[in-house]
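Student: Structure file entry.cif (mmCIF, C-alpha atoms and all ligand atoms) is given on the next line.
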data_protein
loop_
_atom_site.label_atom_id
_atom_site.label_comp_id
_atom_site.auth_asym_id
_atom_site.auth_seq_id
_atom_site.Cartn_x
_atom_site.Cartn_y
_atom_site.Cartn_z
CA MET A 1 140.58 133.74 157.20
CA GLY A 2 140.06 137.16 158.72
CA ASP A 3 137.39 139.22 160.43
CA GLU A 4 133.82 139.40 159.29
CA ILE A 5 133.29 141.55 156.21
CA LEU A 6 129.53 141.00 156.21
CA ARG A 7 127.20 140.48 159.16
CA VAL A 8 123.57 139.84 158.24
CA ARG A 9 120.99 139.86 161.04
CA GLY A 10 117.26 139.14 161.10
CA LEU A 11 116.75 139.80 157.40
CA LYS A 12 113.11 139.63 156.28
CA THR A 13 111.92 140.10 152.72
CA ARG A 14 108.27 140.12 151.71
CA PHE A 15 106.51 140.10 148.35
CA PHE A 16 103.13 141.81 148.33
CA THR A 17 101.11 140.00 145.64
CA ASP A 18 97.40 139.74 144.71
CA GLU A 19 97.35 136.32 146.41
CA GLY A 20 98.71 137.79 149.62
CA GLN A 21 101.99 138.42 151.40
CA ILE A 22 104.80 135.97 150.62
CA ASN A 23 107.47 135.61 153.29
CA ALA A 24 110.39 134.85 150.97
CA VAL A 25 113.12 135.50 153.55
CA GLU A 26 112.31 134.96 157.20
CA ASP A 27 114.71 136.12 159.88
CA VAL A 28 117.94 135.13 158.12
CA SER A 29 121.29 135.74 159.88
CA PHE A 30 124.81 134.80 158.85
CA ASP A 31 128.36 136.19 158.77
CA VAL A 32 130.90 136.17 155.97
CA ARG A 33 134.59 136.63 156.73
CA ASP A 34 137.43 138.15 154.75
CA GLY A 35 138.60 135.75 152.06
CA GLU A 36 135.91 133.19 152.84
CA ILE A 37 133.54 131.37 150.51
CA TYR A 38 130.26 131.08 152.41
CA GLY A 39 127.67 128.72 150.95
CA ILE A 40 123.90 128.97 151.07
CA VAL A 41 122.20 125.80 149.87
CA GLY A 42 118.60 124.67 149.49
CA GLU A 43 115.96 123.57 146.99
CA SER A 44 114.42 125.90 144.40
CA GLY A 45 111.92 128.13 146.19
CA SER A 46 113.75 128.03 149.53
CA GLY A 47 114.60 131.75 149.42
CA LYS A 48 118.32 131.57 148.58
CA SER A 49 118.29 133.94 145.63
CA VAL A 50 116.00 136.46 147.34
CA THR A 51 118.38 136.41 150.31
CA ALA A 52 121.25 137.27 147.94
CA LEU A 53 119.24 140.05 146.26
CA SER A 54 118.26 141.41 149.67
CA VAL A 55 121.89 141.59 150.80
CA VAL A 56 122.96 143.51 147.68
CA ASP A 57 119.83 145.69 147.80
CA LEU A 58 118.40 144.56 144.47
CA VAL A 59 114.92 143.39 145.48
CA ASP A 60 112.35 144.75 143.04
CA SER A 61 108.69 145.60 143.53
CA PRO A 62 106.40 143.96 144.63
CA GLY A 63 109.15 142.74 146.97
CA ARG A 64 110.70 144.69 149.80
CA VAL A 65 113.19 144.05 152.59
CA THR A 66 111.01 144.79 155.59
CA ALA A 67 113.43 144.19 158.47
CA GLY A 68 116.97 143.26 159.38
CA GLU A 69 120.50 144.58 159.27
CA VAL A 70 123.28 144.17 156.71
CA TRP A 71 126.55 145.21 158.39
CA TYR A 72 129.49 145.72 156.04
CA ARG A 73 133.04 146.41 157.15
CA ASN A 74 134.38 149.57 155.56
CA ALA A 75 136.49 151.95 157.68
CA ASP A 76 135.96 154.99 155.38
CA LEU A 77 132.21 154.59 155.33
CA ALA A 78 132.16 154.06 159.11
CA GLU A 79 134.14 157.28 159.60
CA GLU A 80 131.82 159.20 157.30
CA PHE A 81 128.67 158.14 159.14
CA ARG A 82 129.94 157.73 162.72
CA GLU A 83 128.51 161.06 163.83
CA LYS A 84 125.70 161.47 161.32
CA ARG A 85 124.19 157.99 161.89
CA PRO A 86 125.64 156.60 165.14
CA ASP A 87 123.12 153.74 165.20
CA ALA A 88 124.36 152.62 161.80
CA VAL A 89 128.02 152.29 162.85
CA ASP A 90 129.67 149.65 165.02
CA GLY A 91 133.47 149.94 164.95
CA ASP A 92 134.38 149.61 161.28
CA LEU A 93 131.06 147.98 160.45
CA VAL A 94 128.23 149.98 158.88
CA ASP A 95 124.61 148.87 158.58
CA VAL A 96 124.09 149.65 154.93
CA ARG A 97 120.33 149.37 155.26
CA GLN A 98 120.36 152.54 157.37
CA LEU A 99 122.37 154.57 154.83
CA PRO A 100 120.80 156.91 152.25
CA GLU A 101 119.70 155.17 149.06
CA GLY A 102 122.31 156.93 146.92
CA VAL A 103 125.13 155.71 149.15
CA ARG A 104 123.74 152.18 149.07
CA ARG A 105 123.65 152.34 145.29
CA SER A 106 127.25 153.53 145.16
CA LEU A 107 128.32 150.36 147.00
CA ARG A 108 127.21 148.14 144.11
CA GLY A 109 130.37 147.39 142.20
CA PRO A 110 133.24 148.33 144.52
CA SER A 111 131.70 146.73 147.62
CA PHE A 112 129.16 144.16 146.46
CA SER A 113 128.87 142.59 143.07
CA MET A 114 126.70 139.77 141.80
CA ILE A 115 126.90 136.99 139.22
CA PHE A 116 123.52 135.76 138.02
CA GLN A 117 122.60 132.25 136.95
CA ASP A 118 121.66 132.88 133.32
CA PRO A 119 124.32 134.92 131.52
CA MET A 120 122.38 134.91 128.24
CA SER A 121 119.53 136.93 129.72
CA SER A 122 121.86 139.19 131.70
CA PHE A 123 123.71 140.67 128.70
CA ASN A 124 122.18 143.12 126.23
CA PRO A 125 122.11 141.29 122.86
CA SER A 126 122.55 144.54 120.88
CA LEU A 127 125.89 145.60 122.45
CA THR A 128 129.23 143.85 122.21
CA VAL A 129 130.43 141.96 125.26
CA GLY A 130 133.45 144.26 125.50
CA GLU A 131 131.26 147.39 125.52
CA GLN A 132 129.13 145.99 128.32
CA ILE A 133 132.11 145.14 130.50
CA ALA A 134 133.72 148.50 129.66
CA GLU A 135 130.50 150.23 130.78
CA ALA A 136 130.80 148.58 134.17
CA VAL A 137 134.44 149.69 134.35
CA GLU A 138 133.49 153.22 133.26
CA VAL A 139 130.80 153.55 135.94
CA GLN A 140 133.33 152.55 138.59
CA ARG A 141 136.03 154.83 137.11
CA ARG A 142 133.71 157.85 137.20
CA ALA A 143 132.48 156.97 140.66
CA ARG A 144 136.03 156.79 142.00
CA ALA A 145 136.84 160.17 140.48
CA ASN A 146 134.03 161.84 142.41
CA PRO A 147 133.36 162.34 146.10
CA ARG A 148 130.75 160.01 147.51
CA ARG A 149 128.12 162.71 147.87
CA THR A 150 128.26 163.45 144.16
CA ARG A 151 128.45 159.91 142.96
CA SER A 152 125.62 158.86 145.23
CA ARG A 153 123.17 160.58 142.93
CA THR A 154 124.86 160.50 139.56
CA GLN A 155 127.51 157.77 139.62
CA GLY A 156 129.84 160.49 138.39
CA TYR A 157 127.67 161.34 135.40
CA GLY A 158 126.83 164.99 136.00
CA LEU A 159 124.74 167.63 134.28
CA GLY A 160 127.73 168.66 132.17
CA SER A 161 128.12 165.13 130.78
CA LEU A 162 124.40 164.96 130.09
CA LEU A 163 124.46 168.24 128.15
CA VAL A 164 127.47 167.19 126.06
CA ASP A 165 125.90 163.81 125.30
CA SER A 166 122.63 165.49 124.28
CA LEU A 167 124.44 167.83 121.91
CA ILE A 168 126.76 165.13 120.48
CA PRO A 169 124.78 161.88 120.53
CA SER A 170 127.54 159.97 118.74
CA ARG A 171 130.01 160.74 121.55
CA SER A 172 131.11 157.52 123.20
CA TYR A 173 130.31 157.11 126.87
CA LEU A 174 133.30 154.84 127.14
CA ASP A 175 136.84 155.99 127.73
CA GLU A 176 139.64 154.09 125.95
CA THR A 177 141.11 153.08 129.32
CA SER A 178 137.80 151.42 130.21
CA ARG A 179 137.79 149.50 126.94
CA ALA A 180 141.37 148.39 127.57
CA ARG A 181 140.47 147.33 131.11
CA ALA A 182 137.54 145.30 129.75
CA VAL A 183 139.98 143.37 127.55
CA GLU A 184 142.25 142.80 130.56
CA LEU A 185 139.31 141.48 132.55
CA LEU A 186 138.32 139.12 129.73
CA GLU A 187 141.89 137.85 129.71
CA GLN A 188 141.85 137.45 133.50
CA VAL A 189 138.81 135.16 133.30
CA GLY A 190 140.46 133.00 130.65
CA ILE A 191 138.82 134.19 127.42
CA PRO A 192 141.22 133.43 124.52
CA ASP A 193 141.98 136.30 122.11
CA PRO A 194 140.29 138.76 124.45
CA ALA A 195 140.73 141.84 122.24
CA GLU A 196 138.90 140.14 119.36
CA ARG A 197 136.27 138.53 121.55
CA ALA A 198 135.53 141.89 123.18
CA GLU A 199 134.19 143.03 119.79
CA GLU A 200 131.71 140.14 119.57
CA TYR A 201 128.06 140.05 120.61
CA PRO A 202 126.66 137.79 123.37
CA HIS A 203 125.12 135.31 120.89
CA GLN A 204 128.62 134.64 119.52
CA PHE A 205 129.77 133.37 122.93
CA SER A 206 129.12 129.85 124.25
CA GLY A 207 127.33 129.53 127.63
CA GLY A 208 130.60 128.93 129.50
CA MET A 209 132.35 131.84 127.79
CA LEU A 210 129.45 134.15 128.55
CA GLN A 211 129.49 133.10 132.19
CA ARG A 212 133.21 133.98 132.25
CA ALA A 213 132.35 137.34 130.69
CA MET A 214 129.76 137.95 133.39
CA ILE A 215 132.35 137.19 136.04
CA ALA A 216 134.66 139.70 134.31
CA GLN A 217 131.87 142.29 134.48
CA ALA A 218 131.30 141.56 138.18
CA LEU A 219 135.03 142.07 138.83
CA ALA A 220 135.04 145.51 137.16
CA GLY A 221 134.55 147.30 140.47
CA GLU A 222 137.02 145.06 142.36
CA PRO A 223 134.34 144.11 144.86
CA ASP A 224 134.95 143.13 148.48
CA VAL A 225 132.04 140.68 148.40
CA LEU A 226 131.02 138.73 145.31
CA VAL A 227 127.60 137.07 145.43
CA ALA A 228 127.40 134.16 142.99
CA ASP A 229 123.80 133.05 142.48
CA GLU A 230 123.78 129.55 140.98
CA PRO A 231 126.71 130.51 138.73
CA THR A 232 126.98 127.09 137.09
CA THR A 233 123.37 125.94 136.84
CA ALA A 234 122.97 126.69 133.14
CA LEU A 235 126.25 124.99 132.17
CA ASP A 236 127.22 121.43 131.37
CA VAL A 237 129.29 119.51 133.88
CA THR A 238 132.79 120.00 132.45
CA ILE A 239 132.22 123.74 132.02
CA GLN A 240 130.79 123.91 135.56
CA ALA A 241 134.09 122.58 136.91
CA GLN A 242 136.05 125.18 134.92
CA ILE A 243 133.89 128.04 136.19
CA LEU A 244 134.16 126.86 139.81
CA ASN A 245 137.96 126.59 139.48
CA LEU A 246 138.03 130.07 137.97
CA LEU A 247 135.95 131.50 140.82
CA ARG A 248 138.19 129.84 143.39
CA ASP A 249 141.36 131.19 141.68
CA LEU A 250 139.94 134.70 141.37
CA GLN A 251 138.79 134.70 144.97
CA GLU A 252 142.31 133.81 146.09
CA GLU A 253 144.01 136.29 143.74
CA GLU A 254 141.74 139.19 144.59
CA GLY A 255 141.27 138.33 148.27
CA MET A 256 137.51 138.70 147.87
CA SER A 257 134.84 137.10 149.99
CA VAL A 258 132.26 135.09 148.09
CA VAL A 259 128.69 134.15 148.96
CA MET A 260 127.92 131.05 146.90
CA ILE A 261 124.21 130.38 146.37
CA THR A 262 123.42 126.93 145.02
CA HIS A 263 121.08 123.96 145.21
CA ASP A 264 124.06 121.67 144.57
CA LEU A 265 125.70 120.15 147.62
CA GLY A 266 128.63 119.08 145.43
CA VAL A 267 129.39 122.75 144.70
CA ILE A 268 129.22 123.53 148.42
CA ALA A 269 131.53 120.64 149.31
CA ARG A 270 134.04 121.70 146.68
CA MET A 271 134.06 125.43 147.27
CA CYS A 272 132.87 126.54 150.69
CA ASP A 273 134.37 126.98 154.15
CA ARG A 274 131.08 127.30 156.00
CA VAL A 275 127.50 126.75 154.94
CA GLY A 276 123.91 127.70 155.79
CA VAL A 277 121.10 125.36 154.72
CA MET A 278 117.89 127.20 153.73
CA TYR A 279 114.34 125.93 153.78
CA ALA A 280 111.13 127.94 153.39
CA GLY A 281 112.92 131.27 153.71
CA GLU A 282 114.85 130.33 156.87
CA ILE A 283 118.36 129.10 157.55
CA VAL A 284 117.60 125.82 159.30
CA GLU A 285 121.15 124.60 159.91
CA ARG A 286 124.52 126.26 159.70
CA GLY A 287 128.11 125.46 160.57
CA THR A 288 131.42 124.51 159.06
CA LEU A 289 131.42 122.21 156.08
CA GLU A 290 132.49 119.39 158.38
CA ASP A 291 129.65 120.05 160.88
CA VAL A 292 126.95 120.11 158.27
CA PHE A 293 128.19 117.28 156.05
CA GLU A 294 129.46 114.90 158.72
CA THR A 295 127.09 115.46 161.62
CA PRO A 296 123.90 116.91 160.14
CA VAL A 297 121.04 117.25 162.64
CA HIS A 298 118.13 118.85 160.80
CA PRO A 299 116.03 116.23 158.96
CA TYR A 300 116.01 118.49 155.88
CA THR A 301 119.82 118.61 155.76
CA ARG A 302 119.90 114.86 156.27
CA GLY A 303 117.38 114.47 153.47
CA LEU A 304 119.45 116.63 151.11
CA LEU A 305 122.56 114.61 151.88
CA GLY A 306 120.64 111.34 151.52
CA SER A 307 119.40 112.30 148.08
CA ILE A 308 122.84 112.47 146.45
CA PRO A 309 124.61 109.36 145.16
CA ASP A 310 127.57 107.99 147.12
CA LEU A 311 130.02 106.45 144.66
CA ALA A 312 131.93 104.66 147.45
CA ASP A 313 128.78 102.93 148.69
CA PRO A 314 126.17 102.94 145.97
CA ALA A 315 122.75 102.31 147.51
CA PRO A 316 120.15 100.55 145.39
CA ARG A 317 117.87 103.60 145.47
CA LEU A 318 118.36 107.23 146.36
CA GLN A 319 116.20 108.63 149.14
CA PRO A 320 114.30 111.66 147.84
CA ILE A 321 112.68 114.18 150.21
CA GLU A 322 108.97 113.59 149.67
CA GLY A 323 106.66 116.56 149.02
CA ASN A 324 107.39 120.13 147.96
CA VAL A 325 108.53 123.34 149.54
CA PRO A 326 105.61 125.34 150.99
CA SER A 327 104.09 128.32 149.15
CA LEU A 328 105.46 130.78 151.75
CA LEU A 329 102.12 132.65 151.77
CA ASP A 330 101.96 134.38 155.14
CA SER A 331 98.36 133.27 155.70
CA GLU A 332 99.41 129.61 155.44
CA MET A 333 102.68 129.53 157.36
CA GLY A 334 101.70 129.89 161.02
CA GLU A 335 103.74 129.35 164.18
CA ARG A 336 105.14 125.93 163.40
CA CYS A 337 108.08 124.20 161.86
CA TYR A 338 107.73 124.75 158.11
CA PHE A 339 109.29 121.39 157.31
CA ALA A 340 106.78 119.45 159.43
CA ASP A 341 104.65 118.24 156.51
CA ARG A 342 107.68 116.55 154.90
CA CYS A 343 109.62 115.56 157.97
CA PRO A 344 110.01 111.87 158.84
CA LYS A 345 110.69 112.84 162.47
CA ALA A 346 107.81 115.28 162.94
CA MET A 347 106.29 115.25 166.44
CA GLU A 348 103.36 117.05 168.02
CA ASP A 349 105.69 119.73 169.42
CA CYS A 350 106.78 120.65 165.90
CA LEU A 351 103.32 122.04 165.10
CA ARG A 352 103.08 124.20 168.22
CA ARG A 353 105.94 126.65 167.70
CA ILE A 354 108.70 127.77 165.37
CA PRO A 355 111.87 126.03 166.59
CA GLU A 356 114.35 128.42 168.21
CA PHE A 357 117.54 129.37 166.45
CA ASP A 358 120.51 131.27 167.75
CA ALA A 359 120.91 134.24 165.41
CA ASP A 360 124.12 135.66 166.84
CA GLY A 361 126.13 134.34 163.93
CA SER A 362 128.57 132.47 166.16
CA ASP A 363 130.78 129.82 164.62
CA GLU A 364 129.00 127.00 166.35
CA HIS A 365 126.95 124.39 164.62
CA ARG A 366 123.32 125.57 164.96
CA VAL A 367 120.06 123.89 164.02
CA ARG A 368 116.49 125.18 163.84
CA CYS A 369 114.74 121.98 164.91
CA VAL A 370 113.23 120.60 168.11
CA LEU A 371 115.65 117.67 167.75
CA ALA A 372 118.44 120.07 168.70
CA GLU A 373 116.75 120.47 172.10
CA GLN A 374 115.13 117.07 172.73
CA PRO A 375 115.49 113.52 171.42
CA TYR A 376 113.04 112.03 168.95
CA ASP A 377 110.05 110.54 170.80
CA GLU A 378 108.21 108.00 168.66
CA SER A 379 105.19 108.04 170.95
CA ARG A 380 104.64 111.72 170.02
CA ALA A 381 105.28 111.23 166.30
CA LEU A 382 102.76 112.59 163.82
CA GLU A 383 101.07 110.00 161.67
CA GLU A 384 101.73 109.95 157.94
CA GLY A 385 98.99 111.96 156.17
CA ASP A 386 97.98 113.73 159.38
CA GLY A 387 96.00 116.71 157.96
CA GLU A 388 97.22 118.95 160.77
CA ARG A 389 100.80 118.73 159.59
CA GLU A 390 100.16 119.84 156.01
CA VAL A 391 100.85 123.31 154.62
CA THR A 392 100.10 124.31 151.03
CA ALA A 393 102.85 123.20 148.70
CA ASN A 394 104.48 125.39 146.11
CA ASP A 395 104.36 123.14 143.04
S1 LIG A 401 111.18 120.70 164.20
FE1 LIG A 401 110.15 118.74 164.01
S2 LIG A 401 109.20 118.78 162.01
FE2 LIG A 401 110.70 120.38 162.06
S3 LIG A 401 112.51 119.49 161.20
FE3 LIG A 401 112.66 119.25 163.41
S4 LIG A 401 111.76 117.24 163.84
FE4 LIG A 401 111.16 117.80 161.77
#
What's the structure tokens form of this structure?
Tutor:
Amino acid sequence: MGDEILRVRGLKTRFFTDEGQINAVEDVSFDVRDGEIYGIVGESGSGKSVTALSVVDLVDSPGRVTAGEVWYRNADLAEEFREKRPDAVDGDLVDVRQLPEGVRRSLRGPSFSMIFQDPMSSFNPSLTVGEQIAEAVEVQRRARANPRRTRSRTQGYGLGSLLVDSLIPSRSYLDETSRARAVELLEQVGIPDPAERAEEYPHQFSGGMLQRAMIAQALAGEPDVLVADEPTTALDVTIQAQILNLLRDLQEEEGMSVVMITHDLGVIARMCDRVGVMYAGEIVERGTLEDVFETPVHPYTRGLLGSIPDLADPAPRLQPIEGNVPSLLDSEMGERCYFADRCPKAMEDCLRRIPEFDADGSDEHRVRCVLAEQPYDESRALEEGDGEREVTAND
């Protein structure tokens, strides 16, 4: 594994709703290295997907990334902005959040790409799968043919192209080389008879095939970092295994880095080198796979691990984590540990402050919990049903 390709620091994302401000991502920091698969795991509602969308700059209104840095290693970009935006450059790393919007947009595809969890809703049902992948290839082809300044606004589609398309509406946007590349990509992700399947519509594909097609589309720009948001959730178990194997093979072939977002610890164990555990918008524990799986410290991580079956030592009953994730409404969060209302080890100290967490992204095993600083003291334990410990749940 190489140097860091992505360095995320203090990321905060808020949603401004009629009910109030929702703190979906709260001070999240992590690093991803060259050729690494980094896992982010947590329950639904823990902020994993919004973290992914924040990194690739795809958060929609009423949400907004309100703070933090997303450093991306790219020597050309660093050179281009070293003098213009010195605060946004550190060696070969560039803080993409400080770059103009057009430049950020131009990074989607060749720098960052994303696979979403539901392929059926991600494809346009009225266009063939091949056309949709070819479109992604075409956008990247045009972008590469133009200097960054031009493509930042138009993705290579200039006024001339617009005029020609207006005068000849039947003119195809897609070049033959893009269509041919789409077929190659379908072949690369294991779609049989790719030339024929490229002519089919999304409803003619099975769920697993469509997920493969979405991976092909994500690869169109040959990204440095691929963000996979629950890529196997909508699939049955045997297809899940095929898609995970495919992702692993592609990651090795292409030398990409992957950020794997999942609620499934089995996926993390199978795929990832290092992992961050998320709860209530925060990373509460992070480390190598070995650290987190073999010596978990945070009671939430321990709860997650305790709630999966162990085939070697089947317990009579699984141990679920009682309660639900909090609503994340700013007015209800406060300066306290957000897991306190569900935590079997909660003590008085846990309600007085947010546990400290080292955000420097070092390799060490880190935990956001008072138990990382002091041993459990039963005499200071909170009673079950103590009203003070409860925050509003997000049912
Ligand atoms: S800080 Fe306290 S309440 Fe929070 S996880 Fe640790 S022990 Fe539990």
Student: Which polymer residues have any atom within 8 Å of an atom of Arg366 of chain A, counting only C-alpha atoms, with same-chain residues fewer than 3 positions away left out, as a list in words?
Tutor: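 In the requested form, the answer reads Glu285, Arg286, Gly287, Phe357 and Asp358 of chain A.
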Student: Would you save the residues of that selection, restricted to C-alpha atoms, as a PDB file, in the coordinates of the input?
Tutor:
ATOM      1  CA  GLU A 285     121.150 124.600 159.910  1.00  0.00           C
ATOM      2  CA  ARG A 286     124.520 126.260 159.700  1.00  0.00           C
ATOM      3  CA  GLY A 287     128.110 125.460 160.570  1.00  0.00           C
ATOM      4  CA  PHE A 357     117.540 129.370 166.450  1.00  0.00           C
ATOM      5  CA  ASP A 358     120.510 131.270 167.750  1.00  0.00           C
TER       6      ASP A 358
END
Student: Find the residue from A:Ala134, A:Leu351, A:Val56, A:Val259 that sits nearest to ligand LIG 401 (chain A); use all atoms listed in the file when measuring.
Tutor: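 Smallest separation from ligand LIG 401 (chain A) among the options: A:Leu351.
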Student: Pull the closest atom pair for each residue of chain A that gets at most 7 Å from ligand LIG 401 (chain A), along with the distance in Å to one decimal, counting all atoms listed in the file, ordering rows by chain and then ascending residue number, as JSON lines.
Tutor:
{"residue": "A:His298", "atom": "CA", "partner": "A:LIG401", "partner_atom": "S3", "distance": 5.7}
{"residue": "A:Pro299", "atom": "CA", "partner": "A:LIG401", "partner_atom": "S3", "distance": 5.3}
{"residue": "A:Tyr300", "atom": "CA", "partner": "A:LIG401", "partner_atom": "S3", "distance": 6.4}
{"residue": "A:Cys337", "atom": "CA", "partner": "A:LIG401", "partner_atom": "FE2", "distance": 4.6}
{"residue": "A:Tyr338", "atom": "CA", "partner": "A:LIG401", "partner_atom": "FE2", "distance": 6.6}
{"residue": "A:Phe339", "atom": "CA", "partner": "A:LIG401", "partner_atom": "FE2", "distance": 5.1}
{"residue": "A:Ala340", "atom": "CA", "partner": "A:LIG401", "partner_atom": "S2", "distance": 3.6}
{"residue": "A:Cys343", "atom": "CA", "partner": "A:LIG401", "partner_atom": "FE4", "distance": 4.7}
{"residue": "A:Pro344", "atom": "CA", "partner": "A:LIG401", "partner_atom": "FE4", "distance": 6.7}
{"residue": "A:Lys345", "atom": "CA", "partner": "A:LIG401", "partner_atom": "S4", "distance": 4.7}
{"residue": "A:Ala346", "atom": "CA", "partner": "A:LIG401", "partner_atom": "S2", "distance": 3.9}
{"residue": "A:Met347", "atom": "CA", "partner": "A:LIG401", "partner_atom": "FE1", "distance": 5.7}
{"residue": "A:Cys350", "atom": "CA", "partner": "A:LIG401", "partner_atom": "FE1", "distance": 4.3}
{"residue": "A:Pro355", "atom": "CA", "partner": "A:LIG401", "partner_atom": "S1", "distance": 5.9}
{"residue": "A:Arg368", "atom": "CA", "partner": "A:LIG401", "partner_atom": "S1", "distance": 7.0}
{"residue": "A:Cys369", "atom": "CA", "partner": "A:LIG401", "partner_atom": "FE3", "distance": 3.7}
{"residue": "A:Val370", "atom": "CA", "partner": "A:LIG401", "partner_atom": "S1", "distance": 4.4}
{"residue": "A:Leu371", "atom": "CA", "partner": "A:LIG401", "partner_atom": "FE3", "distance": 5.5}
Student: Just the number, please: distance in Å from atom CA of Arg73 of chain A to atom CA of Asp92 of chain A, one decimal.
Tutor: 5.4 Å
Student: Would you please work out which residue, of A:Val129, A:Ala78, A:Ala88, A:Val59, is nearest to Gln204 of chain A when using all atoms listed in the file?
Tutor: A:Val129
Student: Pick from A:Ser327, A:Gln251, A:Thr262, A:Ser307: nearest to Val275 of chain A, with only C-alpha atoms counted?
Tutor: A:Thr262
Student: Could you tell me how far atom CA of Asp224 of chain A lies from atom CA of Ser111 of chain A, in Å and to one decimal?
Tutor: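 Separating atom CA of Asp224 of chain A from atom CA of Ser111 of chain A is a distance of 4.9 Å.
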Student: Between A:Cys272, A:Leu226, A:Ala280, A:Leu58, which one has atoms that come closest to Phe112 of chain A, using only C-alpha atoms?
Tutor: A:Leu226
